[in-house]
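Contents: one structure, followed by commentary.
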Amino acid sequence: MDLDEIQRMFFLESEEGLQALENCFALCRSGAYEDETINTIFRSVHSIKGGAGAFGHEHLQSFAHHYESVLDDLRSGKLAMSPGLLDVLLAAFDVLSDHVAAAQGERPTPDDSAVLASLAAAAAGGGESAPQPAAEPAPATAEAPSSGGDDFDALLGLLEPAAAPAPDEFSALLDLLEPQSAPVAVAGQTLRVRPCDDAFANGCEPLLLLRELIRLGGTGIKLDASRLPDLADLDANRSWLAWTIEMPADLPRSDIEGVFDFVDGWTLEFSAAEDSSAESAPIVDEAPALIPASAAPPETVAPVSAAVAPAAPAGAKPKAAPVANDAPAAPAAASATIRVELDKLDRLVNLVGELVITQAMLAQRLSEHGLGGTSELSSLENLTRELQDSAMSIRAQPMKTVFSRVPRIIRELESDTGKRVRLQVDGEMTEVDKTVVERIGEPLTHLIRNAVDHGLEGPQERVAAGKTEEGTVRVAAEQRSGRIVITVEDDGRGIDRERVRAKAIERGIVAADTPLSDEDIDNLIFAPGFSTAEKVSNISGRGVGMDVVRRNVQALGGRIGVSSRFGLGTSFTLSLPLTLAVLDGMIVRVGDQTFVIPLGNIVESLRAQQTQISYLGDNAALLDVRGAQLPVINIGALLDIDGKSEPDGTVMIVVESDAGPAVIMVDTIEDQRQVVVKSLEANYQAIPGVSGATILGDGRVALILDVEGVIGGCRRRPALAA
Amino acid sequence: MATIFQLPASLDTAAATPLLDAVREQLAGAGDLHLDGSGVTELGQACLQVLLSARSAATKAGANFTLAQPSEAMSAMLKVAGCEDLAGEIF
């Protein structure tokens with residue numbers, strides 16, 4: 001595993017940590033939090049800090065350190081949770097997320113000075129409210145108080161060059177306010193650290209981890225260079241050094257081990273401090289850090305990775321139960337999941353797809369020999385379907401991964417617009433394919449921004465309209481007949497149809513005399529270039545948003561709809577396929593070609609009489625479907641295939657699209673089944689009107705029609721060769 | 001007059017092998033090793049090992065080893081690594 005991989009894992013875990021934080025803060029906001037919630041917040045921030053230190057992300061580490069200090073005070077009861085403190089913690093959480101993004105190179109390093117000042121003020125406020133006996137007065141100068149000042153000075157002196165280059169007033173302030181909480185040199189446990197021989201090959205810089213130990217309160221660091229070869233024999237790319245360092249007695253071992261979360265094969269040995277004057281005592285597993293054990297043997301020899309066998313120091317008396325009882329329960333729970341590279345998963349899904357195709361071929365071949373009804377074949381079919389479902393479910397992820405970003409978006413919008421928003425999230429555990437999860441974020445973000453910026457009224461306007469000051473935005477996901485339906489709705493002012501219509505006419509999107517239904521007017525907001533915002537804001541209102549949203553959703557094989565009641569609110573509904581890898585389709589034939597029409601688009605199929613067809617010019621026709629005149633699209637003519645051109649004997653398939661209903665004319669319907677989608681773009685090139693391809697049971701390749709694209713194209717070029 | 005070897009700014013893992021070659025050459029040639037650390041902005045364990053081993057080699061050979069004017073960054077990492085004594089020492 002190289003540095004990049006380890007770092008990727010760190011960032012992945014950081015993202016998970018940030019999600020956990022978001023969930024915990026949601027509990028805090030609702031008031032339903034417990035001590036464990038605060039502990040989880042602390043642990044998540046702490047682990048981000050540890051990893052940041054290991055990889056040299058100074059800004060992230062420094063910020064996480066300050067954040068963690070305040071959380072620690074909250075955890076230990078020195079600070080009490082209050083709405084004001086929660087606001088500070090939430091602001092700090094947002095900055096922490098930005099720092100993580102910056103460390104990944106996704107954005108510049110955020111300016112955290114204001115939030116750091118708020119954190120310092122919050123911590124100082126807590127210090128006042130919680131009585132601290134014998135607390136030192138808080139001097140503004142860097143001079144430490146005389147009592148214990150030497151140790152403290154030494155610590156600060158040691159930390160300063162290693163910390164952020166700027167003088168760290170925050171740390172000094174916090175520590176000086178509460179010297180008893182500072183990690184002064186109360187040596188309680190000696191840690192011996194030896195990087196594995198190939199520590200550098202893993203891309204790690206051991207000195208950065210040592211520095212992190214010092215930040216945790218480590219003192220008296222001693223270098224052991226006894227293994228260092230002579231200069232003539234030295235291999236500069238191997239690690240030869242080891243260190244011992246005194247760690248504070250009250251520092252949980254898990255905190256120390258956390259520093260080494262992202263390195264493999266290192267040897268860590270804990271033993272009681274050599275300078276303890278107390279007598280040896282039996283080992284108490286619950287509180288190993290408190291063992292006053294001058295004569296106690298090294299307690300554990302713990303290589304960081306299980307892959308490296310621990311080397312017990314000479315003379316050490318191995319414990320009967322080397323597995324530390326104080327190990328948290330989390331690892332046991334964590335072992336229930338494993339990380340798998342996406343490539344491997346995709347290969348599995350691909351192979352299952354091939355299996356489905358082969359199974360279909362086998363079924364066809366057997367049926368040609370009159371063996372289509374054998375029970376073994378139907379068992380194989382069931383098993384294949386189950387295998388396919390299982391493989392797809394591995395790629396499925398809960399919508400929670402997308403929804404967890406929503407609270408932050410709302411917070412930012414609240415501060416930008418001055419509106420007050422209550423967020424309601426439903427169905428966050430609804431699972432969809434990873435690709436859908438990855439690509440739905442942007443459209444969803446835009447819809448939410450739109451809901452708050454355009455949909456919700458300001459507090460005064462709401463009160464005047466008889467509503468609560470606080471607007472509600474509801475984001476929901478649910479599975480409905482093989483698709484996922486995502487709803488973003490607000491209880492704001494609703495779409496002002498008169499204004500939308502006027503704007504559309506003004507912009508030339510529709511003619512002034514065009515009769516428009518309410519639904520038509522609502523859909524105008526998806527027209528390219530449409531915007532009703534009186535002034536362009538940085539939130540939304542550039543008029544490029546909603547049509548881009550619709551295009552993105554369509555690219556996912558989805559549809560977007562809007563419904564609105566003036567004065568009461570607006571609801572956007574996105575309907576997306578659960579997966580992009582398989583689809584249910586109708587297999588149709590045109591001439592000698594076979595096509596697949598996605599079932600999601602099909603409303604009905606029928607045979608038409610010549611009398612139901614009305615011709616408009618030479619190559620345009622309309623089919624009368626129970627009174628509605630729908631344009632007829634001749635796929636054969638459109639794609640230059642020699643198919644039937646007369647309605648007699650053909651099949652008319654009524655399809656639904658964003659451009660409205662239409663009729664696709666095909667020669668025959670062959671079958672209806674689930675097909676495995678193969679990307680044309682990846683294997684050949686994009687073809688207008690075709691969204692992909694599949695392999696049929698008889699081995700032929702069938703193109704999957706992009707109904708939206710076909711109808712959109714035909715609006716410009718209606719085609720029915722008369 | 002003794003030659004002073006100017007240490008490069010970045011003494012990270014990648015710099016360790018070139019540094020090793022340079023100090024071996026220096027010790028084999030001039031005998032003494034006089035290093036100037038004023039321009040060092042980064043110091044990692046791999047290079048630290050080279051410096052420690054070079055000091056030891058110089059001592060054994062009865063030669064001089066000095067590390068003069070270590071930069072703040074270098075001093076800080078020497079402190080972290082528990083070998084502040086490397087700087088300024090003359091053998």
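Naming scheme: A, B, ... for chains in displayed order of the structure tokens; residues 1 onward per chain; ligands 1 onward as shown.
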| request: Within 6 Å of region 26-39 of chain B, counting only C-alpha atoms, which residues show up once you throw out same-chain ones fewer than 5 positions away? Write them as a ChimeraX atom specification, please. | output: /B:4-7,9,63-71
Restrict the selected residues to C-alpha atoms and save them as a compact mmCIF listing (two decimals), in the first residue's frame.
```txt
# COMPACT_ATOMS: atom_id res chain seq x y z
CA ILE B 4 31.36 23.70 4.18
CA PHE B 5 28.69 21.49 2.74
CA GLN B 6 25.44 23.39 2.28
CA LEU B 7 22.51 21.12 3.08
CA ALA B 9 16.32 22.87 1.58
CA ALA B 63 37.51 13.53 11.95
CA ASN B 64 35.46 16.64 12.68
CA PHE B 65 31.71 16.79 12.28
CA THR B 66 29.80 20.05 12.60
CA LEU B 67 26.28 21.03 11.81
CA ALA B 68 26.23 24.81 11.89
CA GLN B 69 23.39 27.32 11.74
CA PRO B 70 20.50 24.88 11.64
CA SER B 71 17.35 26.65 10.45
```
| message | Need the shell around region 687-700 of chain A: protein/DNA/RNA residues with any atom at most 12 Å away, counting only C-alpha atoms. Skip same-chain ones fewer than 6 positions apart. Format as a PyMOL selection string? | response | chain A and resi 353-368+554-557+580-588+592-598+635+638-639+670-681+706-714
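Within 10 Å of region 31-40 of chain A, once only C-alpha atoms are used and residues closer than 3 positions along the same chain are dropped, the contacting residues are Gly17, Ala20, Leu21, Asn23, Cys24, Phe25, Ala26, Leu27, Cys28, Arg43, Ser44, Val45, His46, Leu71, Asp72, Leu74, Arg75, Ser76, Gly77, Met81 and Pro83 of chain A.
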File dump, residues just selected, N, CA and C atoms, as a PDB file, in the first residue's frame:
```
ATOM      1  N   GLY A  17     -16.286  10.347   8.828  1.00  0.00           N
ATOM      2  CA  GLY A  17     -16.286  11.054  10.110  1.00  0.00           C
ATOM      3  C   GLY A  17     -17.139  12.307  10.041  1.00  0.00           C
ATOM      4  N   ALA A  20     -20.705  11.386  10.130  1.00  0.00           N
ATOM      5  CA  ALA A  20     -21.101  11.040  11.500  1.00  0.00           C
ATOM      6  C   ALA A  20     -21.324  12.317  12.302  1.00  0.00           C
ATOM      7  N   LEU A  21     -20.445  13.305  12.080  1.00  0.00           N
ATOM      8  CA  LEU A  21     -20.574  14.583  12.787  1.00  0.00           C
ATOM      9  C   LEU A  21     -21.894  15.253  12.425  1.00  0.00           C
ATOM     10  N   ASN A  23     -24.620  13.907  11.452  1.00  0.00           N
ATOM     11  CA  ASN A  23     -25.730  13.206  12.120  1.00  0.00           C
ATOM     12  C   ASN A  23     -25.812  13.591  13.594  1.00  0.00           C
ATOM     13  N   CYS A  24     -24.647  13.637  14.229  1.00  0.00           N
ATOM     14  CA  CYS A  24     -24.627  13.962  15.663  1.00  0.00           C
ATOM     15  C   CYS A  24     -25.123  15.392  15.894  1.00  0.00           C
ATOM     16  N   PHE A  25     -24.690  16.301  15.006  1.00  0.00           N
ATOM     17  CA  PHE A  25     -25.128  17.686  15.185  1.00  0.00           C
ATOM     18  C   PHE A  25     -26.626  17.828  14.932  1.00  0.00           C
ATOM     19  N   ALA A  26     -27.154  16.978  14.047  1.00  0.00           N
ATOM     20  CA  ALA A  26     -28.606  17.006  13.828  1.00  0.00           C
ATOM     21  C   ALA A  26     -29.318  16.636  15.129  1.00  0.00           C
ATOM     22  N   LEU A  27     -28.751  15.643  15.840  1.00  0.00           N
ATOM     23  CA  LEU A  27     -29.325  15.258  17.139  1.00  0.00           C
ATOM     24  C   LEU A  27     -29.210  16.411  18.131  1.00  0.00           C
ATOM     25  N   CYS A  28     -28.048  17.060  18.113  1.00  0.00           N
ATOM     26  CA  CYS A  28     -27.842  18.174  19.044  1.00  0.00           C
ATOM     27  C   CYS A  28     -28.858  19.285  18.774  1.00  0.00           C
ATOM     28  N   ARG A  43     -14.568  12.019  19.046  1.00  0.00           N
ATOM     29  CA  ARG A  43     -13.735  10.970  18.442  1.00  0.00           C
ATOM     30  C   ARG A  43     -13.516  11.219  16.948  1.00  0.00           C
ATOM     31  N   SER A  44     -14.592  11.644  16.274  1.00  0.00           N
ATOM     32  CA  SER A  44     -14.468  11.875  14.825  1.00  0.00           C
ATOM     33  C   SER A  44     -13.453  12.974  14.543  1.00  0.00           C
ATOM     34  N   VAL A  45     -13.560  14.075  15.298  1.00  0.00           N
ATOM     35  CA  VAL A  45     -12.630  15.189  15.087  1.00  0.00           C
ATOM     36  C   VAL A  45     -11.204  14.743  15.439  1.00  0.00           C
ATOM     37  N   HIS A  46     -11.115  13.971  16.513  1.00  0.00           N
ATOM     38  CA  HIS A  46      -9.788  13.519  16.954  1.00  0.00           C
ATOM     39  C   HIS A  46      -9.130  12.657  15.887  1.00  0.00           C
ATOM     40  N   LEU A  71     -14.281  20.638  22.239  1.00  0.00           N
ATOM     41  CA  LEU A  71     -15.142  19.462  22.360  1.00  0.00           C
ATOM     42  C   LEU A  71     -14.782  18.650  23.602  1.00  0.00           C
ATOM     43  N   ASP A  72     -13.491  18.627  23.900  1.00  0.00           N
ATOM     44  CA  ASP A  72     -13.043  17.895  25.076  1.00  0.00           C
ATOM     45  C   ASP A  72     -13.627  18.529  26.336  1.00  0.00           C
ATOM     46  N   LEU A  74     -16.352  20.169  26.461  1.00  0.00           N
ATOM     47  CA  LEU A  74     -17.783  19.866  26.453  1.00  0.00           C
ATOM     48  C   LEU A  74     -18.004  18.450  26.959  1.00  0.00           C
ATOM     49  N   ARG A  75     -17.149  17.561  26.512  1.00  0.00           N
ATOM     50  CA  ARG A  75     -17.260  16.164  26.875  1.00  0.00           C
ATOM     51  C   ARG A  75     -17.042  15.954  28.370  1.00  0.00           C
ATOM     52  N   SER A  76     -16.074  16.714  28.898  1.00  0.00           N
ATOM     53  CA  SER A  76     -15.748  16.519  30.307  1.00  0.00           C
ATOM     54  C   SER A  76     -16.628  17.348  31.229  1.00  0.00           C
ATOM     55  N   GLY A  77     -17.552  18.117  30.635  1.00  0.00           N
ATOM     56  CA  GLY A  77     -18.482  18.863  31.476  1.00  0.00           C
ATOM     57  C   GLY A  77     -17.997  20.242  31.865  1.00  0.00           C
ATOM     58  N   MET A  81     -23.584  22.538  26.996  1.00  0.00           N
ATOM     59  CA  MET A  81     -24.155  22.790  25.674  1.00  0.00           C
ATOM     60  C   MET A  81     -25.191  23.907  25.778  1.00  0.00           C
ATOM     61  N   PRO A  83     -27.412  26.896  22.975  1.00  0.00           N
ATOM     62  CA  PRO A  83     -27.630  27.216  21.557  1.00  0.00           C
ATOM     63  C   PRO A  83     -26.459  27.998  20.967  1.00  0.00           C
TER      64      PRO A  83
END
```
| message | Using only C-alpha atoms, I'd like every residue of chain B that has an atom within 12 Å of chain A; please write them out as an NGL selection string. | response | :B and (11-25 or 27-28 or 41-61 or 71-86)
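If you measure from each of A:Ser563, A:Thr570, A:Ser226, A:Thr514 to Val452 (chain A) using only C-alpha atoms, the closest one turns out to be A:Thr570.
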